[in-house]
Amino acid sequence: MDTLLKTHNKLEFLPPLHGFVEKQGSNLSCSKLQNQEFRFGSKKPHPKWGRNGCVKASSSALLELVPETKKENLEFELPMYDPSKGLVVDLAVVGGGPAGLAVAQQVSEAGLSVCSIDPSPKLIWPNNYGVWVDEFEAMDLLDCLDTTWSGAVVFIDDHSKKDLGRPYARVNRKQLKSKMMQKCILNGVKFHQAKVIKVIHEESKSLLICNDGVTIQAAVVLDATGFSRCLVRYDKPYNPGYQVAYGILAEVEEHPFDVDKMVFMDWRDSHLNNNMVLKNRNSRIPTFLYAMPFSSNWIFLEETSLVARPGVPMEDIQERMVARLRHLGIKVKSIEEDERCVIPMGGPLPVLPQRVVGIGGTAGMVHPSTGYMVARTLAAAPIVANSIVQYLGSSGSFLGDELSSEVWRDLWPIERRRQREFFCFGMDILLKLDLQGTRRFFDAFFDLEPRYWHGFLSSRLFLPELIFFGLSLFSHASNTSRIEIMSKGTLPLVNMINNLIQDKD
């Protein structure tokens with residue numbers, strides 16, 4: 001899905017109370033976590049080969065097909081930051097992911113000086129981003145989609161499915177980054193290849209100290225490092241839910257899916273009938289298949305735990321995926337790449353306001369009920385950029401803490417905070433649902449008017465509309481599901497109302 005934090009062959013896992021960080025191909029610019037190693041499981045040395053040269057279904061055998069991580073870089077020269085000049089830039093962006101580059105691009109377009117700091121600025125993002133086409137169309141980014149499906153399908157169980165008439169697409173990550181980088185270069189953005197290890201704030205500027213000994217001075221610091229939370233401060237206990245997924249881009253002999261539609265969710269569990277241990281685990285904390293079929297023999301397959309606390313172990317996810325592929329008759333011939341995704345969902349917002357400005361994962365912008373973030377943060381980039389330009393570039397009367405406070409206020413206005421509170425309420429209910437309850441929930445969810453489920457997934461509904469969304473969902477739900485929502489949602493509802501009352505501008 002909207003996969004945000006992943007490695008290919010090696011996964012690092014930071015314990016649930018501290019969040020997650022990746023090692024291979026990281027966009028993080030904070031170095032304090034880089035030497036910690038946490039892993040799910042290990043590879044076994046010998047693959048198990050079946051007939052026709054295909055691998056038999058076992059997670060260890062499947063992993064043997066995974067190639068070494070390929071690091072692909074963009075092939076153009078970057079204008080580098082010159083520390084000898086000692087200039088104070090208007091904006092320093094820490095982290096070179098989509099959100100950070102989008103803000104750098106738009107702030108520099110207004111004529112302000114920008115420095116982008118990242119340890120691998122030319123590295124093409126390893127992430128597979130899936131988006132609804134209308135989201136990228138609204139941002140004039142249709143040229144950054146490489147495969148589009150006319151719609152999507154949701155399998156509720158073996159007897160029920162939903163056809164979603166909303167086009168879906170995979171983002172061309174190389175094209176998206178190339179487009180952003182080229183615009184940044186054209187606008188005069190300078191790049192510095194390093195990691196930020198410390199930030200010292202003065203009254204009107206901040207000093208970013210990098211691991212190569214260089215100090216960069218900036219009027220505004222933007223933390224776009226994802227979930228590292230290295231620069232943006234939190235002051236409340238961090239206990240989010242976790243979306244965990246394992247995916248492969250694979251060549252297969254064949255697969256049973258319609259190549260004109262992607263599989264948004266497949267909640268069927270008949271593939272576990274011969275393994276009651278796995279079936280019982282899946283009944284308590286279910287996983288679903290997410291699939292993007294590119295042709296009859298090329299497909300992206302991802303087994304996903306929507307949200308759990310603590311997160312489902314990666315080995316468990318892989319076991320379920322292998323059992324599903326075997327049941328569907330999908331024989332993997334080769335794997336071009338794999339990805340292991342861990343996405344913190346929900347939890348508290350950072351301290352609002354604070355001196356360092358954030359965007360994306362570090363600013364709490366992941367959709368707490370779905371794990372979606374890419375389209376949301378790209379849409380928020382103009383808000384952050386315009387705010388920085390307005391308060392820094394116009395009169396220059398806003399500096400330091402006062403300037404950052406205004407930017408945070410524009411990024412997280414009261415209506416966005418209330419929206420997120422409702423999404424966290426939805427996550428708290430999903431955390432309590434078993435497989436049958438999850439099926440009933442999504443059976444009702446995708447029966448809603450498209451404006452409701454479209455708006456919920458794309459963060460376009462705000463509190464008044466979300467109340468009508470909730471009432472509509474309740475009316476579409478079965479009697480069993482209504483009782484379940486009332487029994488398991490009462491405490492989260494009380495917490496949400498209490499938080500809404502306490503949160504004031």
# chains A, B, ... in the order shown; residues from 1 in each chain; ligands from 1
call {"tool": "select_by_dssp", "arguments": {"residues": "region 123-192 of chain A", "states": "strand (DSSP E)", "output": "ChimeraX atom specification"}}
result
/A:130-132,145-149,151-157,160-164,168-171,190-192
call {"tool": "residues_around", "arguments": {"residues": "Asp503 (chain A)", "least_positions_apart": "5", "cutoff": "9 Å", "atoms": "only C-alpha atoms", "output": "mmCIF file with C-alpha atoms, in the first residue's frame"}}
result
data_model
loop_
_atom_site.group_PDB
_atom_site.id
_atom_site.type_symbol
_atom_site.label_atom_id
_atom_site.label_comp_id
_atom_site.auth_asym_id
_atom_site.auth_seq_id
_atom_site.Cartn_x
_atom_site.Cartn_y
_atom_site.Cartn_z
ATOM 1 C CA ILE A 414 -7.805 22.866 14.402
ATOM 2 C CA ARG A 417 -6.295 18.031 14.341
ATOM 3 C CA ARG A 418 -9.961 17.146 14.807
ATOM 4 C CA ASN A 498 -12.506 14.290 25.615
#
call {"tool": "closest_atom_pairs", "arguments": {"of": "region 367-468 of chain A", "to": "region 154-170 of chain A", "cutoff": "8 Å", "atoms": "only C-alpha atoms", "output": "Markdown table"}}
result
| residue | atom | partner | partner_atom | distance |
| --- | --- | --- | --- | --- |
| A:Arg439 | CA | A:Ile156 | CA | 5.6 |
| A:Phe442 | CA | A:Ile156 | CA | 7.4 |
| A:Asp443 | CA | A:Ile156 | CA | 6.6 |
| A:Phe446 | CA | A:Lys162 | CA | 7.1 |
call {"tool": "write_last_selection", "arguments": {"atoms": "N, CA and C atoms", "output": "compact mmCIF listing (two decimals), in the first residue's frame"}}
result
# COMPACT_ATOMS: atom_id res chain seq x y z
N ARG A 439 -13.96 -8.13 8.51
CA ARG A 439 -14.72 -8.36 7.28
C ARG A 439 -16.04 -7.60 7.31
N PHE A 442 -15.43 -3.78 6.73
CA PHE A 442 -15.15 -3.34 5.36
C PHE A 442 -16.29 -3.68 4.39
N ASP A 443 -17.09 -4.65 4.73
CA ASP A 443 -18.29 -4.93 3.94
C ASP A 443 -19.22 -3.72 3.97
N PHE A 446 -17.23 -0.26 2.28
CA PHE A 446 -17.22 -0.10 0.82
C PHE A 446 -18.61 -0.14 0.21
call {"tool": "residues_around", "arguments": {"residues": "Gln318 (chain A)", "least_positions_apart": "2", "cutoff": "10 Å", "atoms": "only C-alpha atoms", "output": "list in words"}}
result
Ser58, Ser59, Ser60, Leu62, Leu63, Ala245, Tyr246, Gly247, Glu302, Glu303, Thr304, Pro313, Met314, Glu315, Asp316, Arg320, Met321, Val322, Ala323, Arg324 and Arg340 of chain A
call {"tool": "closest_residue", "arguments": {"among": "A:Leu112, A:Lys122, A:Leu278, A:Glu202", "to": "Glu319 (chain A)", "atoms": "only C-alpha atoms"}}
result
A:Leu278
call {"tool": "residues_around", "arguments": {"residues": "Val214 (chain A)", "least_positions_apart": "3", "cutoff": "7 Å", "atoms": "only C-alpha atoms", "output": "short mmCIF file (atom, residue, chain, number, x, y, z; two decimals) with N, CA, C and O atoms, in the first residue's frame"}}
result
data_model
loop_
_atom_site.label_atom_id
_atom_site.label_comp_id
_atom_site.auth_asym_id
_atom_site.auth_seq_id
_atom_site.Cartn_x
_atom_site.Cartn_y
_atom_site.Cartn_z
N PRO A 83 30.21 25.33 2.08
CA PRO A 83 30.26 25.81 3.48
C PRO A 83 31.25 26.94 3.70
O PRO A 83 31.15 27.67 4.70
N ILE A 209 24.55 20.91 12.61
CA ILE A 209 25.89 20.31 12.63
C ILE A 209 25.81 18.92 12.00
O ILE A 209 25.04 18.07 12.45
N CYS A 210 26.61 18.71 10.96
CA CYS A 210 26.55 17.46 10.20
C CYS A 210 27.69 16.53 10.59
O CYS A 210 28.69 16.95 11.19
#
call {"tool": "closest_residue", "arguments": {"among": "A:Ser472, A:Thr438, A:Ser150, A:Asn172", "to": "Tyr452 (chain A)", "atoms": "only C-alpha atoms"}}
result
A:Ser472
call {"tool": "decode", "arguments": {"residues": "region 46-157 of chain A", "atoms": "C-alpha atoms", "output": "PDB file, in the first residue's frame"}}
result
ATOM      1  CA  HIS A  46      19.503 -23.839   0.822  1.00  0.00           C
ATOM      2  CA  PRO A  47      16.384 -23.187  -1.245  1.00  0.00           C
ATOM      3  CA  LYS A  48      13.827 -25.925  -1.776  1.00  0.00           C
ATOM      4  CA  TRP A  49      13.277 -26.427  -5.479  1.00  0.00           C
ATOM      5  CA  GLY A  50      10.199 -28.019  -6.965  1.00  0.00           C
ATOM      6  CA  ARG A  51       9.349 -29.074 -10.470  1.00  0.00           C
ATOM      7  CA  ASN A  52       9.754 -26.684 -13.393  1.00  0.00           C
ATOM      8  CA  GLY A  53      12.457 -24.764 -11.530  1.00  0.00           C
ATOM      9  CA  CYS A  54       9.999 -22.996  -9.230  1.00  0.00           C
ATOM     10  CA  VAL A  55      10.440 -22.643  -5.510  1.00  0.00           C
ATOM     11  CA  LYS A  56       8.224 -24.697  -3.238  1.00  0.00           C
ATOM     12  CA  ALA A  57       6.122 -22.741  -0.787  1.00  0.00           C
ATOM     13  CA  SER A  58       8.160 -21.989   2.310  1.00  0.00           C
ATOM     14  CA  SER A  59       9.184 -18.594   3.631  1.00  0.00           C
ATOM     15  CA  SER A  60      12.879 -19.504   3.781  1.00  0.00           C
ATOM     16  CA  ALA A  61      12.829 -20.797   0.204  1.00  0.00           C
ATOM     17  CA  LEU A  62      11.032 -17.669  -0.982  1.00  0.00           C
ATOM     18  CA  LEU A  63      13.641 -15.456   0.641  1.00  0.00           C
ATOM     19  CA  GLU A  64      16.394 -17.279  -1.248  1.00  0.00           C
ATOM     20  CA  LEU A  65      15.018 -15.796  -4.476  1.00  0.00           C
ATOM     21  CA  VAL A  66      15.456 -12.242  -3.210  1.00  0.00           C
ATOM     22  CA  PRO A  67      18.354 -10.503  -4.985  1.00  0.00           C
ATOM     23  CA  GLU A  68      20.876  -8.288  -3.287  1.00  0.00           C
ATOM     24  CA  THR A  69      19.688  -4.753  -2.717  1.00  0.00           C
ATOM     25  CA  LYS A  70      20.138  -2.637  -5.834  1.00  0.00           C
ATOM     26  CA  LYS A  71      20.933   1.007  -5.171  1.00  0.00           C
ATOM     27  CA  GLU A  72      20.048   3.077  -8.225  1.00  0.00           C
ATOM     28  CA  ASN A  73      21.069   6.706  -8.420  1.00  0.00           C
ATOM     29  CA  LEU A  74      19.901   9.544 -10.623  1.00  0.00           C
ATOM     30  CA  GLU A  75      22.390  10.384 -13.350  1.00  0.00           C
ATOM     31  CA  PHE A  76      22.842  14.114 -13.119  1.00  0.00           C
ATOM     32  CA  GLU A  77      25.148  16.416 -11.215  1.00  0.00           C
ATOM     33  CA  LEU A  78      23.902  18.278  -8.195  1.00  0.00           C
ATOM     34  CA  PRO A  79      24.861  21.850  -7.236  1.00  0.00           C
ATOM     35  CA  MET A  80      26.499  21.328  -3.842  1.00  0.00           C
ATOM     36  CA  TYR A  81      26.366  23.612  -0.831  1.00  0.00           C
ATOM     37  CA  ASP A  82      29.596  25.570  -0.288  1.00  0.00           C
ATOM     38  CA  PRO A  83      30.261  25.808   3.478  1.00  0.00           C
ATOM     39  CA  SER A  84      33.210  28.155   2.964  1.00  0.00           C
ATOM     40  CA  LYS A  85      30.839  31.017   2.148  1.00  0.00           C
ATOM     41  CA  GLY A  86      29.198  30.843   5.568  1.00  0.00           C
ATOM     42  CA  LEU A  87      25.835  31.954   4.209  1.00  0.00           C
ATOM     43  CA  VAL A  88      22.613  31.694   6.206  1.00  0.00           C
ATOM     44  CA  VAL A  89      20.080  29.941   3.970  1.00  0.00           C
ATOM     45  CA  ASP A  90      16.401  30.697   4.323  1.00  0.00           C
ATOM     46  CA  LEU A  91      15.442  27.011   4.639  1.00  0.00           C
ATOM     47  CA  ALA A  92      17.354  23.840   5.440  1.00  0.00           C
ATOM     48  CA  VAL A  93      15.438  20.674   4.561  1.00  0.00           C
ATOM     49  CA  VAL A  94      16.679  17.598   6.421  1.00  0.00           C
ATOM     50  CA  GLY A  95      15.722  14.466   4.468  1.00  0.00           C
ATOM     51  CA  GLY A  96      15.347  13.965   0.718  1.00  0.00           C
ATOM     52  CA  GLY A  97      12.069  12.058   0.493  1.00  0.00           C
ATOM     53  CA  PRO A  98       9.015  13.190  -1.509  1.00  0.00           C
ATOM     54  CA  ALA A  99       7.729  15.586   1.153  1.00  0.00           C
ATOM     55  CA  GLY A 100      11.080  17.264   1.766  1.00  0.00           C
ATOM     56  CA  LEU A 101      11.862  17.731  -1.912  1.00  0.00           C
ATOM     57  CA  ALA A 102       8.361  19.065  -2.598  1.00  0.00           C
ATOM     58  CA  VAL A 103       8.778  21.793   0.021  1.00  0.00           C
ATOM     59  CA  ALA A 104      12.326  22.588  -1.152  1.00  0.00           C
ATOM     60  CA  GLN A 105      11.082  22.911  -4.718  1.00  0.00           C
ATOM     61  CA  GLN A 106       8.205  25.224  -3.856  1.00  0.00           C
ATOM     62  CA  VAL A 107      10.060  27.462  -1.402  1.00  0.00           C
ATOM     63  CA  SER A 108      12.918  27.920  -3.895  1.00  0.00           C
ATOM     64  CA  GLU A 109      10.440  28.807  -6.633  1.00  0.00           C
ATOM     65  CA  ALA A 110       9.588  31.891  -4.567  1.00  0.00           C
ATOM     66  CA  GLY A 111      13.213  33.008  -4.693  1.00  0.00           C
ATOM     67  CA  LEU A 112      14.273  31.931  -1.202  1.00  0.00           C
ATOM     68  CA  SER A 113      17.572  30.093  -0.637  1.00  0.00           C
ATOM     69  CA  VAL A 114      17.247  26.401   0.212  1.00  0.00           C
ATOM     70  CA  CYS A 115      19.711  23.681   1.212  1.00  0.00           C
ATOM     71  CA  SER A 116      18.646  20.023   1.069  1.00  0.00           C
ATOM     72  CA  ILE A 117      20.622  17.762   3.434  1.00  0.00           C
ATOM     73  CA  ASP A 118      20.546  14.013   2.859  1.00  0.00           C
ATOM     74  CA  PRO A 119      23.166  11.217   3.082  1.00  0.00           C
ATOM     75  CA  SER A 120      22.200   9.897  -0.372  1.00  0.00           C
ATOM     76  CA  PRO A 121      20.622  12.778  -2.295  1.00  0.00           C
ATOM     77  CA  LYS A 122      20.685  11.048  -5.709  1.00  0.00           C
ATOM     78  CA  LEU A 123      19.451   7.660  -4.498  1.00  0.00           C
ATOM     79  CA  ILE A 124      16.136   6.644  -6.065  1.00  0.00           C
ATOM     80  CA  TRP A 125      13.616   5.851  -3.368  1.00  0.00           C
ATOM     81  CA  PRO A 126      13.191   2.106  -2.786  1.00  0.00           C
ATOM     82  CA  ASN A 127       9.521   2.471  -1.892  1.00  0.00           C
ATOM     83  CA  ASN A 128       6.587   1.190  -3.939  1.00  0.00           C
ATOM     84  CA  TYR A 129       3.926   3.886  -3.678  1.00  0.00           C
ATOM     85  CA  GLY A 130       0.353   3.084  -4.651  1.00  0.00           C
ATOM     86  CA  VAL A 131      -2.112   5.978  -4.985  1.00  0.00           C
ATOM     87  CA  TRP A 132      -5.601   6.756  -6.206  1.00  0.00           C
ATOM     88  CA  VAL A 133      -5.282   8.409  -9.611  1.00  0.00           C
ATOM     89  CA  ASP A 134      -7.516  11.372  -8.695  1.00  0.00           C
ATOM     90  CA  GLU A 135      -5.105  12.289  -5.870  1.00  0.00           C
ATOM     91  CA  PHE A 136      -2.152  12.691  -8.229  1.00  0.00           C
ATOM     92  CA  GLU A 137      -4.301  14.291 -10.913  1.00  0.00           C
ATOM     93  CA  ALA A 138      -5.217  17.051  -8.464  1.00  0.00           C
ATOM     94  CA  MET A 139      -1.492  17.767  -7.981  1.00  0.00           C
ATOM     95  CA  ASP A 140      -0.646  17.643 -11.719  1.00  0.00           C
ATOM     96  CA  LEU A 141       1.489  14.523 -11.223  1.00  0.00           C
ATOM     97  CA  LEU A 142      -0.125  12.106 -13.673  1.00  0.00           C
ATOM     98  CA  ASP A 143       3.159  11.917 -15.594  1.00  0.00           C
ATOM     99  CA  CYS A 144       4.693  10.310 -12.482  1.00  0.00           C
ATOM    100  CA  LEU A 145       2.474   7.214 -12.639  1.00  0.00           C
ATOM    101  CA  ASP A 146       3.840   4.181 -14.487  1.00  0.00           C
ATOM    102  CA  THR A 147       0.919   1.722 -14.302  1.00  0.00           C
ATOM    103  CA  THR A 148      -2.777   2.500 -13.922  1.00  0.00           C
ATOM    104  CA  TRP A 149      -5.706   0.177 -13.232  1.00  0.00           C
ATOM    105  CA  SER A 150      -9.280   1.104 -14.109  1.00  0.00           C
ATOM    106  CA  GLY A 151     -10.451   0.099 -10.656  1.00  0.00           C
ATOM    107  CA  ALA A 152      -9.799  -2.054  -7.637  1.00  0.00           C
ATOM    108  CA  VAL A 153     -11.378  -5.078  -6.003  1.00  0.00           C
ATOM    109  CA  VAL A 154     -11.837  -6.041  -2.343  1.00  0.00           C
ATOM    110  CA  PHE A 155     -12.402  -9.698  -1.430  1.00  0.00           C
ATOM    111  CA  ILE A 156     -14.381  -9.745   1.818  1.00  0.00           C
ATOM    112  CA  ASP A 157     -14.402 -13.558   1.997  1.00  0.00           C
TER     113      ASP A 157
END
